[in-house]
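Enquirer: The structure is given below, and queries will be raised subsequently.
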Amino acid sequence: MDFLPFTRPDIDEETIAGVVEVLRSGWITSGPQVKAFEAALSERLGGRTVRSFSSGTAALEVALRLAGVGPGDEVITTPLTWVATANVVLAVGARPVFVDIDPVTRNIDLDLVEAAITPRTRAMIPVDLAGLPVDRDRLYEIARRHRLRVVEDAAQAMGATWRGQPIGSTGDFVALSFHANKNITSIEGGALVLPADADVGRCERYRLQGVTRLPDGEMDVDLLGGKSNLTDVAARVGLGQLARLDAFNSRRRELADRYLAAFDRSLGCELPQPTQEGNWHMFQVVLPVDRLAGGRPAFLRAMAARQIGVGVHYPPVHLFTLYRDMGWKRGDFPHAERVGSGTVTLPLFPAMTGDDVVRVCAAAAEAIAELSRT
Ligand SMILES: *Cc1c(COP(=O)(O)O)cnc(C)c1O
């Protein structure tokens, strides 16, 4: 039986041909394809201004700089996320302030956010884990009341909606990722939706060495920028993918529904929330790890033995060595720790079949039975 990975990108022949054209065009780094990709993203996101980046991480970091977050500031976020979310806070010299998750949505618990706000709090970074949107109404109500900036880490939420509006079409800063594992990819890449056109100039300067091109052909540098522009080759891949976003996401929804129908509820796993607004970036179940001999690693091995790839997204950020060394410890965020230590990401990608889902469910049942016996 073929190995079934937990995800796999789907690049069509038209896109491959388009990439070949770009390669032959004589212009391979940022140029017309980047402009076209940014325009297409903007069109999907209610006409808002969008700038592309070489990664979602770079988009998040530039958003924090544009929001004026720096040394002495605190930024509220979730510990149950890809480590990039918290790393960018450290990168700009600020301090992440973690708030535990709601165990049902697995996103930041908005009931706990206000207690974490101090006079130093400057911004919040909500994360739409697995593409399930954080409650934008409550989020922005808190932000307004406490005058906080918001940098939405919507890296996993491309195509998800809030009250029917696409994530990214409203709000403050919104960062997207087009990493190979995301719902659409540009191989590596990301984008930042800007709340104000006044930010565009500084956004572009942070993206490329702080350089401004002057009308007379000279240049100036007035701030310390990085190097995080997207290439035209990558942008062409992104354009081909963006055209398929809706088809990809509706296929993901069908497969997720299939999982929700087929997964054996008596196994003691916690299943994800059904959602109309999410984009089913991942289908994650929390294993009954305490009852499994060998815990999650044994489950991963048992699934691999059945030719099924399973992902781990994510161990809680505050328990990584870098963060422990800064003072966080086990017990700080019990829900994030429990979910983070038991979660597994089952295969879900548009080219999968319904039979694949049934096969994964059967393998998970066998694996859990096997490990519960020993
Ligand atoms: C993928 C991801 C990022 C970072 O995106 P890259 O393009 O890999 O830099 C940030 N946050 C979350 C939640 C992600 O899933």
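We name chains A, B, ... following the order of the structure tokens; residues begin at 1 in each chain, and ligands are numbered from 1 as shown.
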Env of Val312 (chain A): 9 Å cut, atoms = only C-alpha atoms, seq-sep filter 6 positions within chain, self excluded. Answer as a VMD selection string.

Expert: chain A and resid 284 340 to 345

Enquirer: Ligand 1: which residues are within 7 Å, counting only C-alpha atoms and all ligand atoms, as JSON, numbers by chain?

Expert: {"A": [55, 56, 57, 58, 81, 82, 84, 85, 127, 129, 153, 154, 155, 156, 177, 178, 179, 182, 188, 189, 190]}

Enquirer: Just write the chosen residues, all heavy atoms, as a compact mmCIF listing (two decimals), in the first residue's frame.

Expert:
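The result, stored in result.txt:
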# COMPACT_ATOMS: atom_id res chain seq x y z
N SER A 55 8.24 34.69 3.49
CA SER A 55 7.65 33.74 4.44
C SER A 55 6.56 34.42 5.25
O SER A 55 6.51 35.66 5.34
CB SER A 55 8.72 33.18 5.40
OG SER A 55 9.13 34.19 6.31
N GLY A 56 5.73 33.60 5.86
CA GLY A 56 4.74 34.13 6.78
C GLY A 56 5.41 34.72 8.01
O GLY A 56 4.93 35.70 8.58
N THR A 57 6.51 34.11 8.41
CA THR A 57 7.26 34.61 9.57
C THR A 57 7.71 36.05 9.34
O THR A 57 7.57 36.91 10.21
CB THR A 57 8.49 33.72 9.82
OG1 THR A 57 8.06 32.37 9.95
CG2 THR A 57 9.24 34.13 11.07
N ALA A 58 8.25 36.32 8.13
CA ALA A 58 8.71 37.68 7.81
C ALA A 58 7.54 38.65 7.83
O ALA A 58 7.66 39.78 8.32
CB ALA A 58 9.39 37.68 6.45
N THR A 81 0.82 26.94 19.13
CA THR A 81 1.00 27.46 17.79
C THR A 81 2.36 27.03 17.28
O THR A 81 3.19 26.51 18.03
CB THR A 81 0.89 29.01 17.78
OG1 THR A 81 1.05 29.48 16.44
CG2 THR A 81 1.97 29.65 18.65
N TRP A 82 2.57 27.26 15.99
CA TRP A 82 3.92 27.10 15.44
C TRP A 82 4.81 28.14 16.10
O TRP A 82 4.39 29.29 16.28
CB TRP A 82 3.88 27.26 13.92
CG TRP A 82 5.20 27.23 13.22
CD1 TRP A 82 5.63 28.11 12.27
CD2 TRP A 82 6.24 26.25 13.35
NE1 TRP A 82 6.87 27.75 11.82
CE2 TRP A 82 7.27 26.61 12.47
CE3 TRP A 82 6.40 25.11 14.15
CZ2 TRP A 82 8.47 25.88 12.35
CZ3 TRP A 82 7.57 24.37 14.04
CH2 TRP A 82 8.58 24.76 13.15
N ALA A 84 6.99 30.08 15.34
CA ALA A 84 7.22 31.35 14.66
C ALA A 84 6.43 32.49 15.31
O ALA A 84 6.92 33.62 15.42
CB ALA A 84 6.82 31.24 13.19
N THR A 85 5.20 32.20 15.73
CA THR A 85 4.31 33.22 16.31
C THR A 85 4.98 33.94 17.49
O THR A 85 4.89 35.16 17.61
CB THR A 85 3.00 32.57 16.81
OG1 THR A 85 2.49 31.71 15.79
CG2 THR A 85 1.97 33.61 17.18
N VAL A 127 -4.11 33.35 16.82
CA VAL A 127 -3.74 32.34 15.82
C VAL A 127 -4.96 31.49 15.52
O VAL A 127 -5.59 30.96 16.44
CB VAL A 127 -2.60 31.42 16.33
CG1 VAL A 127 -2.27 30.34 15.32
CG2 VAL A 127 -1.36 32.24 16.68
N LEU A 129 -5.75 28.34 14.75
CA LEU A 129 -5.12 27.02 14.68
C LEU A 129 -5.96 26.07 13.82
O LEU A 129 -7.17 25.97 14.01
CB LEU A 129 -4.93 26.44 16.09
CG LEU A 129 -4.11 25.16 16.15
CD1 LEU A 129 -2.65 25.42 15.85
CD2 LEU A 129 -4.26 24.49 17.51
N ASP A 153 -2.29 36.20 13.21
CA ASP A 153 -1.50 35.14 12.60
C ASP A 153 -2.50 34.20 11.91
O ASP A 153 -2.98 33.24 12.50
CB ASP A 153 -0.67 34.40 13.64
CG ASP A 153 0.19 33.30 13.00
OD1 ASP A 153 -0.10 32.92 11.84
OD2 ASP A 153 1.12 32.81 13.67
N ALA A 154 -2.82 34.56 10.67
CA ALA A 154 -3.77 33.78 9.88
C ALA A 154 -3.01 32.87 8.91
O ALA A 154 -3.51 32.53 7.84
CB ALA A 154 -4.72 34.71 9.14
N ALA A 155 -1.81 32.48 9.32
CA ALA A 155 -0.95 31.63 8.46
C ALA A 155 -1.68 30.38 8.00
O ALA A 155 -1.46 29.89 6.90
CB ALA A 155 0.32 31.25 9.21
N GLN A 156 -2.59 29.87 8.87
CA GLN A 156 -3.28 28.62 8.53
C GLN A 156 -4.70 28.87 8.03
O GLN A 156 -5.42 27.91 7.77
CB GLN A 156 -3.32 27.72 9.78
CG GLN A 156 -1.93 27.42 10.32
CD GLN A 156 -1.93 26.43 11.47
OE1 GLN A 156 -2.96 25.93 11.89
NE2 GLN A 156 -0.74 26.12 11.97
N SER A 177 0.49 32.74 5.32
CA SER A 177 1.66 31.95 4.91
C SER A 177 1.31 31.07 3.72
O SER A 177 0.20 30.54 3.64
CB SER A 177 2.15 31.06 6.06
OG SER A 177 3.10 30.12 5.58
N PHE A 178 2.28 30.94 2.83
CA PHE A 178 2.13 30.04 1.68
C PHE A 178 3.21 28.97 1.68
O PHE A 178 3.71 28.57 0.63
CB PHE A 178 2.14 30.86 0.37
CG PHE A 178 1.21 32.03 0.40
CD1 PHE A 178 1.69 33.32 0.26
CD2 PHE A 178 -0.15 31.85 0.62
CE1 PHE A 178 0.84 34.42 0.30
CE2 PHE A 178 -1.02 32.94 0.67
CZ PHE A 178 -0.52 34.23 0.52
N HIS A 179 3.61 28.57 2.89
CA HIS A 179 4.53 27.43 3.03
C HIS A 179 3.92 26.20 2.36
O HIS A 179 2.69 26.11 2.19
CB HIS A 179 4.74 27.18 4.54
CG HIS A 179 5.54 25.96 4.84
ND1 HIS A 179 4.97 24.73 5.08
CD2 HIS A 179 6.87 25.77 4.89
CE1 HIS A 179 5.93 23.84 5.29
NE2 HIS A 179 7.09 24.45 5.17
N LYS A 182 0.70 24.63 3.66
CA LYS A 182 -0.51 25.41 3.90
C LYS A 182 -1.56 25.13 2.81
O LYS A 182 -1.26 24.47 1.81
CB LYS A 182 -0.16 26.90 3.97
CG LYS A 182 0.84 27.25 5.10
CD LYS A 182 0.32 26.88 6.46
CE LYS A 182 1.04 27.43 7.68
NZ LYS A 182 2.46 27.43 7.84
N GLU A 188 7.74 28.49 -0.55
CA GLU A 188 7.84 29.27 0.68
C GLU A 188 7.24 30.62 0.32
O GLU A 188 7.32 31.05 -0.84
CB GLU A 188 9.30 29.46 1.13
CG GLU A 188 10.05 28.18 1.48
CD GLU A 188 9.69 27.60 2.85
OE1 GLU A 188 8.89 28.23 3.58
OE2 GLU A 188 10.21 26.51 3.17
N GLY A 189 6.68 31.32 1.30
CA GLY A 189 6.14 32.65 1.01
C GLY A 189 5.10 33.04 2.03
O GLY A 189 4.64 32.23 2.84
N GLY A 190 4.75 34.31 1.99
CA GLY A 190 3.73 34.81 2.90
C GLY A 190 3.23 36.15 2.40
O GLY A 190 3.68 36.64 1.35

Enquirer: Which residues of region 135-250 of chain A have any atom within 8 Å of an atom in region 25-36 of chain A when counting only C-alpha atoms, and what is the closest pair of atoms for each, with the distance in Å to one decimal? Order the rows by chain and rising number and write it as CSV.

Expert:
residue,atom,partner,partner_atom,distance
A:Asn229,CA,A:Ser30,CA,6.8
A:Leu230,CA,A:Ser30,CA,5.9
A:Thr231,CA,A:Thr29,CA,4.1
A:Asp232,CA,A:Thr29,CA,4.9
A:Val233,CA,A:Ile28,CA,5.9
A:Ala235,CA,A:Val34,CA,5.2
A:Arg236,CA,A:Gln33,CA,5.8
A:Leu239,CA,A:Ala36,CA,7.8

Enquirer: Can I get the selection written as a PDB file, in the first residue's frame, with N, CA and C atoms?

Expert:
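Result file follows (selection.pdb):
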ATOM      1  N   ASN A 229      11.791  39.665   0.437  1.00  0.00           N
ATOM      2  CA  ASN A 229      10.919  39.783  -0.741  1.00  0.00           C
ATOM      3  C   ASN A 229      10.678  38.407  -1.360  1.00  0.00           C
ATOM      4  N   LEU A 230       9.529  38.265  -2.010  1.00  0.00           N
ATOM      5  CA  LEU A 230       9.151  37.015  -2.679  1.00  0.00           C
ATOM      6  C   LEU A 230       9.725  37.035  -4.099  1.00  0.00           C
ATOM      7  N   THR A 231      10.046  35.863  -4.645  1.00  0.00           N
ATOM      8  CA  THR A 231      10.533  35.812  -6.032  1.00  0.00           C
ATOM      9  C   THR A 231       9.366  35.688  -7.003  1.00  0.00           C
ATOM     10  N   ASP A 232       9.590  36.069  -8.244  1.00  0.00           N
ATOM     11  CA  ASP A 232       8.561  35.906  -9.275  1.00  0.00           C
ATOM     12  C   ASP A 232       8.242  34.427  -9.524  1.00  0.00           C
ATOM     13  N   VAL A 233       9.242  33.577  -9.383  1.00  0.00           N
ATOM     14  CA  VAL A 233       8.996  32.135  -9.556  1.00  0.00           C
ATOM     15  C   VAL A 233       7.990  31.663  -8.510  1.00  0.00           C
ATOM     16  N   ALA A 235       5.924  33.570  -6.768  1.00  0.00           N
ATOM     17  CA  ALA A 235       4.646  34.267  -6.950  1.00  0.00           C
ATOM     18  C   ALA A 235       3.817  33.588  -8.042  1.00  0.00           C
ATOM     19  N   ARG A 236       4.485  33.083  -9.083  1.00  0.00           N
ATOM     20  CA  ARG A 236       3.747  32.388 -10.154  1.00  0.00           C
ATOM     21  C   ARG A 236       3.110  31.106  -9.634  1.00  0.00           C
ATOM     22  N   LEU A 239       0.072  32.266  -7.670  1.00  0.00           N
ATOM     23  CA  LEU A 239      -1.053  32.654  -8.530  1.00  0.00           C
ATOM     24  C   LEU A 239      -1.826  31.426  -9.007  1.00  0.00           C
TER      25      LEU A 239
END

Enquirer: Could you tell me which of A:Ile16, A:Ala369, A:Leu348, A:Leu192 comes closest to Gly238 (chain A) if we count only C-alpha atoms?

Expert: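 With only C-alpha atoms as the atom set, the closest residue is A:Ile16.
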
Enquirer: Which residues in region 283-352 of chain A does DSSP call alpha helix (DSSP H)? List them as a list in words.

Expert: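 Restricting region 283-352 of chain A to alpha helix (DSSP H) produces Gly295, Arg296, Pro297, Ala298, Phe299, Leu300, Arg301, Ala302, Met303, Ala304, Ala305, Thr321, Leu322, Tyr323, Arg324, Pro334, His335, Ala336, Glu337, Arg338, Val339, Gly340, Ser341 and Gly342 of chain A.
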
Enquirer: At most 10 Å is the cut-off: for each residue in region 26-74 of chain A with any atom that close to an atom of region 147-152 of chain A, write down the nearest atom pair and the distance in Å rounded to one decimal, counting only C-alpha atoms, chain first then increasing number, as a tab-separated table.

Expert:
residue	atom	partner	partner_atom	distance
A:Ala59	CA	A:Val151	CA	9.8
A:Leu60	CA	A:Val151	CA	7.2
A:Glu61	CA	A:Val151	CA	9.5
A:Ala63	CA	A:Val151	CA	6.6
A:Leu64	CA	A:Val151	CA	7.1
A:Ala67	CA	A:Arg149	CA	6.7
A:Gly68	CA	A:Arg149	CA	9.2
A:Val69	CA	A:Arg149	CA	9.1

Enquirer: Save the residues we just selected, all heavy atoms, as an mmCIF file, in the first residue's frame?

Expert:
data_model
loop_
_atom_site.group_PDB
_atom_site.id
_atom_site.type_symbol
_atom_site.label_atom_id
_atom_site.label_comp_id
_atom_site.auth_asym_id
_atom_site.auth_seq_id
_atom_site.Cartn_x
_atom_site.Cartn_y
_atom_site.Cartn_z
ATOM 1 N N ALA A 59 6.381 38.217 7.331
ATOM 2 C CA ALA A 59 5.192 39.083 7.330
ATOM 3 C C ALA A 59 4.787 39.428 8.759
ATOM 4 O O ALA A 59 4.463 40.580 9.066
ATOM 5 C CB ALA A 59 4.039 38.399 6.595
ATOM 6 N N LEU A 60 4.812 38.438 9.653
ATOM 7 C CA LEU A 60 4.472 38.685 11.062
ATOM 8 C C LEU A 60 5.450 39.665 11.700
ATOM 9 O O LEU A 60 5.054 40.588 12.412
ATOM 10 C CB LEU A 60 4.521 37.363 11.848
ATOM 11 C CG LEU A 60 3.373 36.387 11.675
ATOM 12 C CD1 LEU A 60 3.750 35.034 12.284
ATOM 13 C CD2 LEU A 60 2.101 36.922 12.334
ATOM 14 N N GLU A 61 6.731 39.453 11.439
ATOM 15 C CA GLU A 61 7.747 40.306 12.072
ATOM 16 C C GLU A 61 7.617 41.752 11.581
ATOM 17 O O GLU A 61 7.669 42.699 12.380
ATOM 18 C CB GLU A 61 9.153 39.759 11.801
ATOM 19 C CG GLU A 61 10.208 40.569 12.532
ATOM 20 C CD GLU A 61 11.629 40.041 12.368
ATOM 21 O OE1 GLU A 61 11.805 38.806 12.234
ATOM 22 O OE2 GLU A 61 12.555 40.872 12.374
ATOM 23 N N ALA A 63 4.941 43.149 10.471
ATOM 24 C CA ALA A 63 3.702 43.702 11.053
ATOM 25 C C ALA A 63 3.964 44.241 12.452
ATOM 26 O O ALA A 63 3.495 45.325 12.809
ATOM 27 C CB ALA A 63 2.614 42.633 11.086
ATOM 28 N N LEU A 64 4.708 43.493 13.254
ATOM 29 C CA LEU A 64 5.016 43.971 14.606
ATOM 30 C C LEU A 64 5.812 45.266 14.555
ATOM 31 O O LEU A 64 5.568 46.195 15.320
ATOM 32 C CB LEU A 64 5.798 42.896 15.382
ATOM 33 C CG LEU A 64 4.994 41.665 15.806
ATOM 34 C CD1 LEU A 64 5.907 40.625 16.456
ATOM 35 C CD2 LEU A 64 3.868 42.043 16.771
ATOM 36 N N ALA A 67 3.575 48.044 13.658
ATOM 37 C CA ALA A 67 2.686 48.374 14.777
ATOM 38 C C ALA A 67 3.449 49.079 15.892
ATOM 39 O O ALA A 67 2.860 49.440 16.913
ATOM 40 C CB ALA A 67 2.020 47.102 15.298
ATOM 41 N N GLY A 68 4.752 49.219 15.725
ATOM 42 C CA GLY A 68 5.549 49.934 16.721
ATOM 43 C C GLY A 68 5.899 49.092 17.931
ATOM 44 O O GLY A 68 6.214 49.622 18.998
ATOM 45 N N VAL A 69 5.848 47.767 17.794
ATOM 46 C CA VAL A 69 6.169 46.885 18.923
ATOM 47 C C VAL A 69 7.681 46.732 19.017
ATOM 48 O O VAL A 69 8.343 46.440 18.011
ATOM 49 C CB VAL A 69 5.502 45.506 18.733
ATOM 50 C CG1 VAL A 69 5.908 44.560 19.859
ATOM 51 C CG2 VAL A 69 3.985 45.653 18.673
#

Enquirer: Here is a test: counting only C-alpha atoms, which residue of A:Glu370, A:Glu277, A:Glu254, A:Asp246 is nearest to Phe299 (chain A)?

Expert: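 The closest residue to Phe299 (chain A) is A:Glu370.
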